[in-house]
$ cat protein38.pdb   # PDB, C-alpha atoms, pLDDT in the B column
ATOM      1  CA  MET A 161      27.754  12.529  -5.379  1.00 87.00           C
ATOM      2  CA  THR A 162      24.381  14.199  -4.982  1.00 95.00           C
ATOM      3  CA  ILE A 163      21.743  13.119  -2.478  1.00 97.00           C
ATOM      4  CA  ALA A 164      18.237  14.148  -3.545  1.00 97.00           C
ATOM      5  CA  VAL A 165      15.532  14.499  -0.896  1.00 97.00           C
ATOM      6  CA  ILE A 166      12.397  14.065  -2.999  1.00 96.00           C
ATOM      7  CA  ASP A 167      10.073  17.032  -2.507  1.00 95.00           C
ATOM      8  CA  TYR A 168       6.434  16.212  -3.198  1.00 92.00           C
ATOM      9  CA  GLY A 169       5.098  18.578  -0.531  1.00 87.00           C
ATOM     10  CA  MET A 170       5.050  16.200   2.458  1.00 85.00           C
ATOM     11  CA  GLY A 171       7.517  15.237   5.190  1.00 79.00           C
ATOM     12  CA  ASN A 172      10.343  16.817   7.183  1.00 82.00           C
ATOM     13  CA  LEU A 173      12.216  17.707   4.029  1.00 92.00           C
ATOM     14  CA  HIS A 174      14.596  20.289   5.407  1.00 91.00           C
ATOM     15  CA  SER A 175      15.152  18.499   8.720  1.00 95.00           C
ATOM     16  CA  VAL A 176      16.206  15.409   6.777  1.00 96.00           C
ATOM     17  CA  ALA A 177      18.425  17.498   4.495  1.00 97.00           C
ATOM     18  CA  LYS A 178      20.099  19.212   7.464  1.00 97.00           C
ATOM     19  CA  ALA A 179      20.763  15.869   9.153  1.00 97.00           C
ATOM     20  CA  LEU A 180      22.319  14.521   5.944  1.00 97.00           C
ATOM     21  CA  GLU A 181      24.476  17.631   5.600  1.00 97.00           C
ATOM     22  CA  HIS A 182      25.689  16.978   9.138  1.00 96.00           C
ATOM     23  CA  VAL A 183      27.083  13.548   8.211  1.00 97.00           C
ATOM     24  CA  THR A 184      28.467  14.246   4.720  1.00 95.00           C
ATOM     25  CA  HIS A 185      30.231  16.871   2.646  1.00 93.00           C
ATOM     26  CA  GLU A 186      28.394  15.657  -0.447  1.00 92.00           C
ATOM     27  CA  ASN A 187      25.781  17.807  -2.159  1.00 96.00           C
ATOM     28  CA  VAL A 188      22.289  17.478  -0.594  1.00 97.00           C
ATOM     29  CA  VAL A 189      19.336  18.950  -2.497  1.00 97.00           C
ATOM     30  CA  VAL A 190      15.613  19.119  -1.781  1.00 96.00           C
ATOM     31  CA  THR A 191      13.957  18.876  -5.176  1.00 96.00           C
ATOM     32  CA  ARG A 192      11.022  17.726  -7.269  1.00 93.00           C
ATOM     33  CA  ASP A 193      12.832  18.375 -10.550  1.00 94.00           C
ATOM     34  CA  PRO A 194      12.877  15.045 -12.449  1.00 94.00           C
ATOM     35  CA  ARG A 195      16.249  15.856 -13.993  1.00 94.00           C
ATOM     36  CA  ARG A 196      17.873  16.452 -10.612  1.00 95.00           C
ATOM     37  CA  ILE A 197      16.239  13.362  -9.113  1.00 96.00           C
ATOM     38  CA  ASN A 198      17.372  11.226 -12.058  1.00 94.00           C
ATOM     39  CA  GLY A 199      20.842  12.714 -11.845  1.00 95.00           C
ATOM     40  CA  ALA A 200      21.247  12.098  -8.127  1.00 97.00           C
ATOM     41  CA  THR A 201      23.344   9.193  -6.882  1.00 96.00           C
ATOM     42  CA  ARG A 202      21.204   8.614  -3.757  1.00 97.00           C
ATOM     43  CA  LEU A 203      17.565   9.301  -3.002  1.00 98.00           C
ATOM     44  CA  VAL A 204      15.522   9.932   0.134  1.00 97.00           C
ATOM     45  CA  LEU A 205      11.738   9.496   0.150  1.00 97.00           C
ATOM     46  CA  PRO A 206      10.317  11.194   3.259  1.00 95.00           C
ATOM     47  CA  GLY A 207       6.709  11.282   4.396  1.00 92.00           C
ATOM     48  CA  GLN A 208       4.556  12.573   7.215  1.00 90.00           C
ATOM     49  CA  GLY A 209       0.859  12.707   8.063  1.00 91.00           C
ATOM     50  CA  ALA A 210      -1.917  10.755   6.355  1.00 92.00           C
ATOM     51  CA  ILE A 211      -0.831   8.281   3.719  1.00 94.00           C
ATOM     52  CA  ARG A 212      -3.732   9.198   1.428  1.00 94.00           C
ATOM     53  CA  ASP A 213      -2.458  12.785   1.425  1.00 94.00           C
ATOM     54  CA  CYS A 214       1.103  11.635   0.768  1.00 94.00           C
ATOM     55  CA  MET A 215       0.078   9.405  -2.128  1.00 95.00           C
ATOM     56  CA  GLY A 216      -2.126  12.181  -3.493  1.00 93.00           C
ATOM     57  CA  GLU A 217       0.662  14.752  -3.354  1.00 92.00           C
ATOM     58  CA  LEU A 218       3.072  12.290  -4.924  1.00 91.00           C
ATOM     59  CA  GLU A 219       0.608  11.981  -7.826  1.00 90.00           C
ATOM     60  CA  ARG A 220      -0.092  15.714  -8.098  1.00 90.00           C
ATOM     61  CA  SER A 221       3.598  16.611  -8.046  1.00 88.00           C
ATOM     62  CA  GLU A 222       4.097  14.274 -11.050  1.00 84.00           C
ATOM     63  CA  VAL A 223       6.838  12.472  -9.116  1.00 91.00           C
ATOM     64  CA  LYS A 224       4.980   9.175  -8.595  1.00 94.00           C
ATOM     65  CA  GLY A 225       5.796   7.766 -12.036  1.00 94.00           C
ATOM     66  CA  LEU A 226       9.456   8.665 -11.627  1.00 95.00           C
ATOM     67  CA  VAL A 227       9.628   7.038  -8.179  1.00 96.00           C
ATOM     68  CA  LEU A 228       8.002   3.861  -9.551  1.00 96.00           C
ATOM     69  CA  GLU A 229      10.503   3.820 -12.412  1.00 96.00           C
ATOM     70  CA  LEU A 230      13.447   4.255 -10.044  1.00 95.00           C
ATOM     71  CA  LEU A 231      12.160   1.497  -7.762  1.00 96.00           C
ATOM     72  CA  ALA A 232      11.722  -0.826 -10.745  1.00 96.00           C
ATOM     73  CA  LYS A 233      15.257  -0.184 -11.966  1.00 94.00           C
ATOM     74  CA  ALA A 234      16.665  -0.610  -8.426  1.00 93.00           C
ATOM     75  CA  GLU A 235      19.953   1.011  -9.445  1.00 94.00           C
ATOM     76  CA  LYS A 236      20.341   3.701  -6.770  1.00 96.00           C
ATOM     77  CA  PRO A 237      20.299   3.574  -2.969  1.00 98.00           C
ATOM     78  CA  LEU A 238      16.984   4.924  -1.687  1.00 98.00           C
ATOM     79  CA  LEU A 239      16.027   5.591   1.929  1.00 98.00           C
ATOM     80  CA  GLY A 240      12.338   5.804   2.878  1.00 98.00           C
ATOM     81  CA  ILE A 241      11.444   7.570   6.124  1.00 97.00           C
ATOM     82  CA  CYS A 242       8.194   7.327   8.160  1.00 97.00           C
ATOM     83  CA  VAL A 243       5.284   7.420   5.691  1.00 96.00           C
ATOM     84  CA  GLY A 244       8.013   7.102   3.063  1.00 96.00           C
ATOM     85  CA  GLN A 245       8.399   3.557   4.382  1.00 98.00           C
ATOM     86  CA  GLN A 246       4.656   2.902   4.430  1.00 97.00           C
ATOM     87  CA  MET A 247       4.232   4.048   0.830  1.00 97.00           C
ATOM     88  CA  LEU A 248       6.538   1.261  -0.360  1.00 98.00           C
ATOM     89  CA  LEU A 249       3.984  -1.394   0.686  1.00 98.00           C
ATOM     90  CA  ASP A 250       1.067  -2.777  -1.341  1.00 98.00           C
ATOM     91  CA  ASP A 251      -1.645  -0.871   0.508  1.00 97.00           C
ATOM     92  CA  SER A 252      -2.728   0.723   3.772  1.00 97.00           C
ATOM     93  CA  GLU A 253      -5.786   0.260   5.981  1.00 96.00           C
ATOM     94  CA  GLU A 254      -5.917   4.015   6.560  1.00 92.00           C
ATOM     95  CA  ASN A 255      -9.109   5.826   5.459  1.00 86.00           C
ATOM     96  CA  GLY A 256     -10.766   2.600   4.393  1.00 89.00           C
ATOM     97  CA  GLY A 257      -7.908   1.516   2.168  1.00 94.00           C
ATOM     98  CA  VAL A 258      -5.217   3.306   0.169  1.00 96.00           C
ATOM     99  CA  ALA A 259      -3.229   1.764  -2.683  1.00 96.00           C
ATOM    100  CA  CYS A 260       0.513   2.306  -2.261  1.00 97.00           C
ATOM    101  CA  LEU A 261       3.567   1.802  -4.488  1.00 97.00           C
ATOM    102  CA  GLY A 262       3.712  -1.995  -4.244  1.00 97.00           C
ATOM    103  CA  PHE A 263       7.490  -2.288  -3.995  1.00 98.00           C
ATOM    104  CA  LEU A 264       7.433  -4.433  -0.838  1.00 98.00           C
ATOM    105  CA  PRO A 265       4.786  -7.118  -0.232  1.00 98.00           C
ATOM    106  CA  GLY A 266       2.627  -6.397   2.786  1.00 98.00           C
ATOM    107  CA  ARG A 267       0.171  -4.007   4.340  1.00 98.00           C
ATOM    108  CA  VAL A 268       0.121  -0.939   6.553  1.00 98.00           C
ATOM    109  CA  ARG A 269      -2.103  -1.623   9.575  1.00 97.00           C
ATOM    110  CA  ARG A 270      -3.543   0.515  12.373  1.00 95.00           C
ATOM    111  CA  PHE A 271      -2.474  -0.054  15.949  1.00 94.00           C
ATOM    112  CA  PRO A 272      -5.330  -1.564  17.995  1.00 91.00           C
ATOM    113  CA  VAL A 273      -7.119   0.998  20.167  1.00 83.00           C
ATOM    114  CA  ASP A 274      -7.205  -1.239  23.260  1.00 84.00           C
ATOM    115  CA  MET A 275      -3.491  -1.970  23.695  1.00 85.00           C
ATOM    116  CA  LEU A 276      -2.115  -2.316  27.233  1.00 80.00           C
ATOM    117  CA  ASP A 277       1.434  -2.210  28.559  1.00 79.00           C
ATOM    118  CA  SER A 278       2.957  -4.838  30.874  1.00 79.00           C
ATOM    119  CA  HIS A 279       1.355  -3.099  33.884  1.00 82.00           C
ATOM    120  CA  GLY A 280      -2.130  -3.117  32.387  1.00 83.00           C
ATOM    121  CA  ASN A 281      -2.104   0.590  31.505  1.00 85.00           C
ATOM    122  CA  ARG A 282      -3.679   1.663  28.239  1.00 89.00           C
ATOM    123  CA  LEU A 283      -1.180   2.623  25.559  1.00 90.00           C
ATOM    124  CA  LYS A 284      -1.753   5.734  23.493  1.00 91.00           C
ATOM    125  CA  VAL A 285      -2.114   5.864  19.747  1.00 92.00           C
ATOM    126  CA  PRO A 286      -0.206   7.395  18.019  1.00 94.00           C
ATOM    127  CA  HIS A 287       2.905   5.582  19.161  1.00 95.00           C
ATOM    128  CA  MET A 288       5.052   8.620  19.922  1.00 95.00           C
ATOM    129  CA  GLY A 289       8.522   8.898  21.414  1.00 96.00           C
ATOM    130  CA  TRP A 290      11.564   6.701  21.821  1.00 97.00           C
ATOM    131  CA  ASN A 291      11.438   2.934  21.486  1.00 97.00           C
ATOM    132  CA  GLN A 292      13.911   0.101  21.049  1.00 97.00           C
ATOM    133  CA  VAL A 293      14.512  -1.429  17.652  1.00 98.00           C
ATOM    134  CA  ALA A 294      15.471  -5.091  17.410  1.00 98.00           C
ATOM    135  CA  GLN A 295      17.649  -5.841  14.389  1.00 98.00           C
ATOM    136  CA  HIS A 296      15.906  -8.725  12.632  1.00 97.00           C
ATOM    137  CA  GLN A 297      18.826  -9.435  10.309  1.00 97.00           C
ATOM    138  CA  PRO A 298      22.168  -7.786   9.481  1.00 97.00           C
ATOM    139  CA  HIS A 299      22.308  -4.856   7.079  1.00 98.00           C
ATOM    140  CA  PRO A 300      25.018  -2.316   6.200  1.00 98.00           C
ATOM    141  CA  LEU A 301      22.829   0.477   7.586  1.00 98.00           C
ATOM    142  CA  TRP A 302      23.001  -1.169  11.043  1.00 98.00           C
ATOM    143  CA  GLU A 303      26.813  -0.900  11.110  1.00 98.00           C
ATOM    144  CA  GLY A 304      27.986   0.658  14.379  1.00 98.00           C
ATOM    145  CA  ILE A 305      24.447   0.696  15.830  1.00 98.00           C
ATOM    146  CA  ASP A 306      23.796  -1.483  18.872  1.00 97.00           C
ATOM    147  CA  ALA A 307      21.058  -4.089  18.776  1.00 94.00           C
ATOM    148  CA  GLY A 308      18.130  -2.715  20.786  1.00 96.00           C
ATOM    149  CA  GLU A 309      19.136   0.908  20.141  1.00 98.00           C
ATOM    150  CA  ARG A 310      16.358   3.453  20.667  1.00 98.00           C
ATOM    151  CA  PHE A 311      14.947   5.584  17.846  1.00 98.00           C
ATOM    152  CA  TYR A 312      12.239   8.251  17.686  1.00 98.00           C
ATOM    153  CA  PHE A 313       8.741   7.391  16.419  1.00 97.00           C
ATOM    154  CA  VAL A 314       5.495   9.208  15.596  1.00 96.00           C
ATOM    155  CA  HIS A 315       2.893   6.951  13.946  1.00 96.00           C
ATOM    156  CA  SER A 316      -0.617   5.515  14.293  1.00 95.00           C
ATOM    157  CA  TYR A 317      -0.161   2.921  11.531  1.00 96.00           C
ATOM    158  CA  TYR A 318       2.601   0.356  11.196  1.00 97.00           C
ATOM    159  CA  VAL A 319       4.129  -1.767   8.456  1.00 98.00           C
ATOM    160  CA  ASP A 320       3.468  -5.520   8.315  1.00 98.00           C
ATOM    161  CA  VAL A 321       5.554  -7.096   5.539  1.00 98.00           C
ATOM    162  CA  SER A 322       4.606 -10.542   4.257  1.00 97.00           C
ATOM    163  CA  ASP A 323       8.104 -11.529   3.077  1.00 97.00           C
ATOM    164  CA  ASP A 324      10.518 -12.122   5.954  1.00 97.00           C
ATOM    165  CA  THR A 325      13.533 -11.475   3.716  1.00 98.00           C
ATOM    166  CA  THR A 326      12.483  -7.808   3.486  1.00 98.00           C
ATOM    167  CA  LEU A 327      12.358  -7.347   7.277  1.00 98.00           C
ATOM    168  CA  PHE A 328      15.377  -5.778   9.003  1.00 98.00           C
ATOM    169  CA  GLY A 329      14.043  -4.296  12.247  1.00 98.00           C
ATOM    170  CA  THR A 330      11.077  -4.550  14.607  1.00 98.00           C
ATOM    171  CA  THR A 331       9.635  -2.613  17.525  1.00 97.00           C
ATOM    172  CA  ASP A 332       7.177  -3.915  20.106  1.00 95.00           C
ATOM    173  CA  TYR A 333       4.349  -1.628  21.167  1.00 93.00           C
ATOM    174  CA  GLY A 334       1.943  -3.409  23.470  1.00 88.00           C
ATOM    175  CA  HIS A 335       1.352  -6.834  21.964  1.00 84.00           C
ATOM    176  CA  THR A 336       1.934  -5.516  18.440  1.00 91.00           C
ATOM    177  CA  GLN A 337       5.211  -6.058  16.640  1.00 95.00           C
ATOM    178  CA  ALA A 338       5.741  -3.328  14.070  1.00 97.00           C
ATOM    179  CA  HIS A 339       8.102  -3.893  11.147  1.00 98.00           C
ATOM    180  CA  VAL A 340       9.998  -0.639  11.448  1.00 98.00           C
ATOM    181  CA  ALA A 341      12.975  -1.313   9.157  1.00 98.00           C
ATOM    182  CA  THR A 342      12.410  -2.934   5.783  1.00 98.00           C
ATOM    183  CA  GLY A 343      14.060  -3.120   2.403  1.00 98.00           C
ATOM    184  CA  ARG A 344      15.090  -4.948  -0.703  1.00 98.00           C
ATOM    185  CA  GLY A 345      18.126  -4.497  -2.897  1.00 97.00           C
ATOM    186  CA  PRO A 346      19.303  -0.866  -2.793  1.00 98.00           C
ATOM    187  CA  VAL A 347      16.168   0.268  -0.923  1.00 98.00           C
ATOM    188  CA  PHE A 348      16.006   0.591   2.866  1.00 98.00           C
ATOM    189  CA  ALA A 349      13.181   2.217   4.812  1.00 98.00           C
ATOM    190  CA  THR A 350      12.420   3.051   8.427  1.00 98.00           C
ATOM    191  CA  GLN A 351       9.241   3.935  10.290  1.00 98.00           C
ATOM    192  CA  PHE A 352      11.297   5.870  12.846  1.00 98.00           C
ATOM    193  CA  HIS A 353      12.812   9.259  12.102  1.00 97.00           C
ATOM    194  CA  PRO A 354      16.617   8.989  11.893  1.00 97.00           C
ATOM    195  CA  GLU A 355      16.849  12.771  11.606  1.00 97.00           C
ATOM    196  CA  LYS A 356      15.246  13.032  15.086  1.00 97.00           C
ATOM    197  CA  SER A 357      17.036  10.048  16.646  1.00 98.00           C
ATOM    198  CA  SER A 358      20.217  11.634  17.971  1.00 97.00           C
ATOM    199  CA  ALA A 359      23.544   9.817  17.486  1.00 98.00           C
ATOM    200  CA  ALA A 360      22.035   6.497  16.380  1.00 98.00           C
ATOM    201  CA  GLY A 361      19.916   8.203  13.718  1.00 98.00           C
ATOM    202  CA  LEU A 362      22.874  10.190  12.422  1.00 98.00           C
ATOM    203  CA  ARG A 363      24.927   6.988  12.250  1.00 98.00           C
ATOM    204  CA  LEU A 364      22.213   5.333  10.173  1.00 98.00           C
ATOM    205  CA  LEU A 365      22.193   8.315   7.800  1.00 98.00           C
ATOM    206  CA  GLU A 366      25.990   8.194   7.578  1.00 98.00           C
ATOM    207  CA  ASN A 367      25.787   4.490   6.779  1.00 98.00           C
ATOM    208  CA  PHE A 368      23.274   5.292   4.039  1.00 98.00           C
ATOM    209  CA  VAL A 369      25.628   7.879   2.537  1.00 97.00           C
ATOM    210  CA  ASN A 370      28.452   5.307   2.494  1.00 96.00           C
ATOM    211  CA  TRP A 371      26.323   2.341   1.424  1.00 97.00           C
ATOM    212  CA  ALA A 372      27.397   0.600  -1.786  1.00 93.00           C
ATOM    213  CA  PRO A 373      24.708  -2.045  -2.466  1.00 89.00           C
TER     214      PRO A 373
END
$ encode --input "protein38.pdb" --output "structure tokens"
Amino acid sequence: MTIAVIDYGMGNLHSVAKALEHVTHENVVVTRDPRRINGATRLVLPGQGAIRDCMGELERSEVKGLVLELLAKAEKPLLGICVGQQMLLDDSEENGGVACLGFLPGRVRRFPVDMLDSHGNRLKVPHMGWNQVAQHQPHPLWEGIDAGERFYFVHSYYVDVSDDTTLFGTTDYGHTQAHVATGRGPVFATQFHPEKSSAAGLRLLENFVNWAP
């Protein structure tokens, strides 16, 4: 088995690869070579920063068409991380509107700037740090992970899927409920960073390695 971390110039590529190597003896490669991506048995789509930049780099690296083809075939397990989750949606509000990959129905929205916590204190954007994730419905990648477990986040925009069957986990930030774990078929994606989320994040990555959708 080979796990390919798709390199299109954005995201914590090597941090993700190192975390995967920690939970498996299988071959983990960071690559943009279409042959190696096509030949891999599992795929990871990372992302970090502005979604317009990520979509632009995906296009410039000539990987976008391959990713769309792999999503359409839905034959291999694929894990999206952070902006890698956001890119799976129809579009994003960021920078006046950015078209995404359209694999999951829904939109990427910006957190409101006037959010308050339960004590009336203003909440910061980006949403940064540890937060609890409620498991919206069962999934093999939740195996061994407690409901309400905390994961690590860094994001100013959040996913809002329009099909409840694609929603697997949520996080509350102020009065906003972010859809932080989503998926369909062999695709699962998280807004949080499993590679930065200690034991729970490593367990999720291990579950991904062992997942047989």
$ resolve_selection --input "protein38.pdb" --expression "the PyMOL selection byres ((chain A and resi 333-339) around 6)" --output "ChimeraX atom specification"
/A:275-277,318-320,330-332,340-341
$ residues_around --input "protein38.pdb" --residues "Phe263 (chain A)" --least-positions-apart "4" --cutoff "8 Å" --atoms "all atoms listed in the file" --output "PyMOL selection string"
chain A and resi 231+248-250
$ atom_distance --input "protein38.pdb" --atom1 "CA of Pro300 (chain A)" --atom2 "CA of Met161 (chain A)"
19.0 Å
$ residues_around --input "protein38.pdb" --residues "region 207-215 of chain A" --least-positions-apart "5" --cutoff "10 Å" --atoms "all atoms listed in the file" --output "ChimeraX atom specification"
/A:166-173,220-221,224,240-247,251-255,257-261,268,314-317,351
$ atom_distance --input "protein38.pdb" --atom1 "CA of Gln295 (chain A)" --atom2 "CA of Gly308 (chain A)"
7.1 Å
$ residues_near_point --input "protein38.pdb" --point "(16.6, 17.8, 10.8)" --cutoff "12 Å" --atoms "all atoms listed in the file" --output "PyMOL selection string"
chain A and resi 171-183+206+353-358+361-362+365
$ residues_near_point --input "protein38.pdb" --point "(8.7, 11.0, -9.8)" --cutoff "9 Å" --atoms "all atoms listed in the file" --output "list in words"
Ile166, Tyr168, Arg192, Asp193, Pro194, Ile197, Asn198, Leu218, Glu219, Ser221, Glu222, Val223, Lys224, Gly225, Leu226, Val227, Leu228, Glu229 and Leu230 of chain A
$ atom_distance --input "protein38.pdb" --atom1 "CA of Leu264 (chain A)" --atom2 "CA of Ala232 (chain A)"
11.4 Å
$ closest_residue --input "protein38.pdb" --among "A:Val273, A:Val165, A:Ala360, A:Ala234" --to "Val293 (chain A)" --atoms "all atoms listed in the file"
A:Ala360
$ closest_residue --input "protein38.pdb" --among "A:Leu238, A:Trp302, A:Arg269, A:Asn281" --to "Gly343 (chain A)" --atoms "only C-alpha atoms"
A:Leu238
$ resolve_selection --input "protein38.pdb" --expression "the PyMOL selection byres ((chain A and resi 189) around 9)" --output "PyMOL selection string"
chain A and resi 162-166+177+187-188+190-191+196
$ residues_around --input "protein38.pdb" --residues "His299 (chain A)" --least-positions-apart "3" --cutoff "12 Å" --atoms "only C-alpha atoms" --output "number ranges by chain"
A: 295-296, 302-305, 307, 325-329, 341-349, 364, 367-368, 371-373
$ axis_aligned_box --input "protein38.pdb" --around "region 309-315 of chain A" --padding-each-side "8 Å" --output "JSON"
{"center_x": 11.0, "center_y": 5.1, "center_z": 17.3, "size_x": 32.2, "size_y": 24.3, "size_z": 22.7}
$ closest_residue --input "protein38.pdb" --among "A:Glu217, A:Glu186, A:Glu309, A:Asp274" --to "Ala359 (chain A)" --atoms "all atoms listed in the file"
A:Glu309
$ resolve_selection --input "protein38.pdb" --expression "the PyMOL selection byres ((chain A and resi 310) around 6)" --output "list in words"
Trp290, Asn291, Gln292, Glu309 and Phe311 of chain A
$ residues_around --input "protein38.pdb" --residues "Ser322 (chain A)" --least-positions-apart "6" --cutoff "9 Å" --atoms "only C-alpha atoms" --output "ChimeraX atom specification"
/A:264-267
$ closest_residue --input "protein38.pdb" --among "A:Glu366, A:Gly216, A:Phe313, A:Glu235" --to "Met288 (chain A)" --atoms "only C-alpha atoms"
A:Phe313
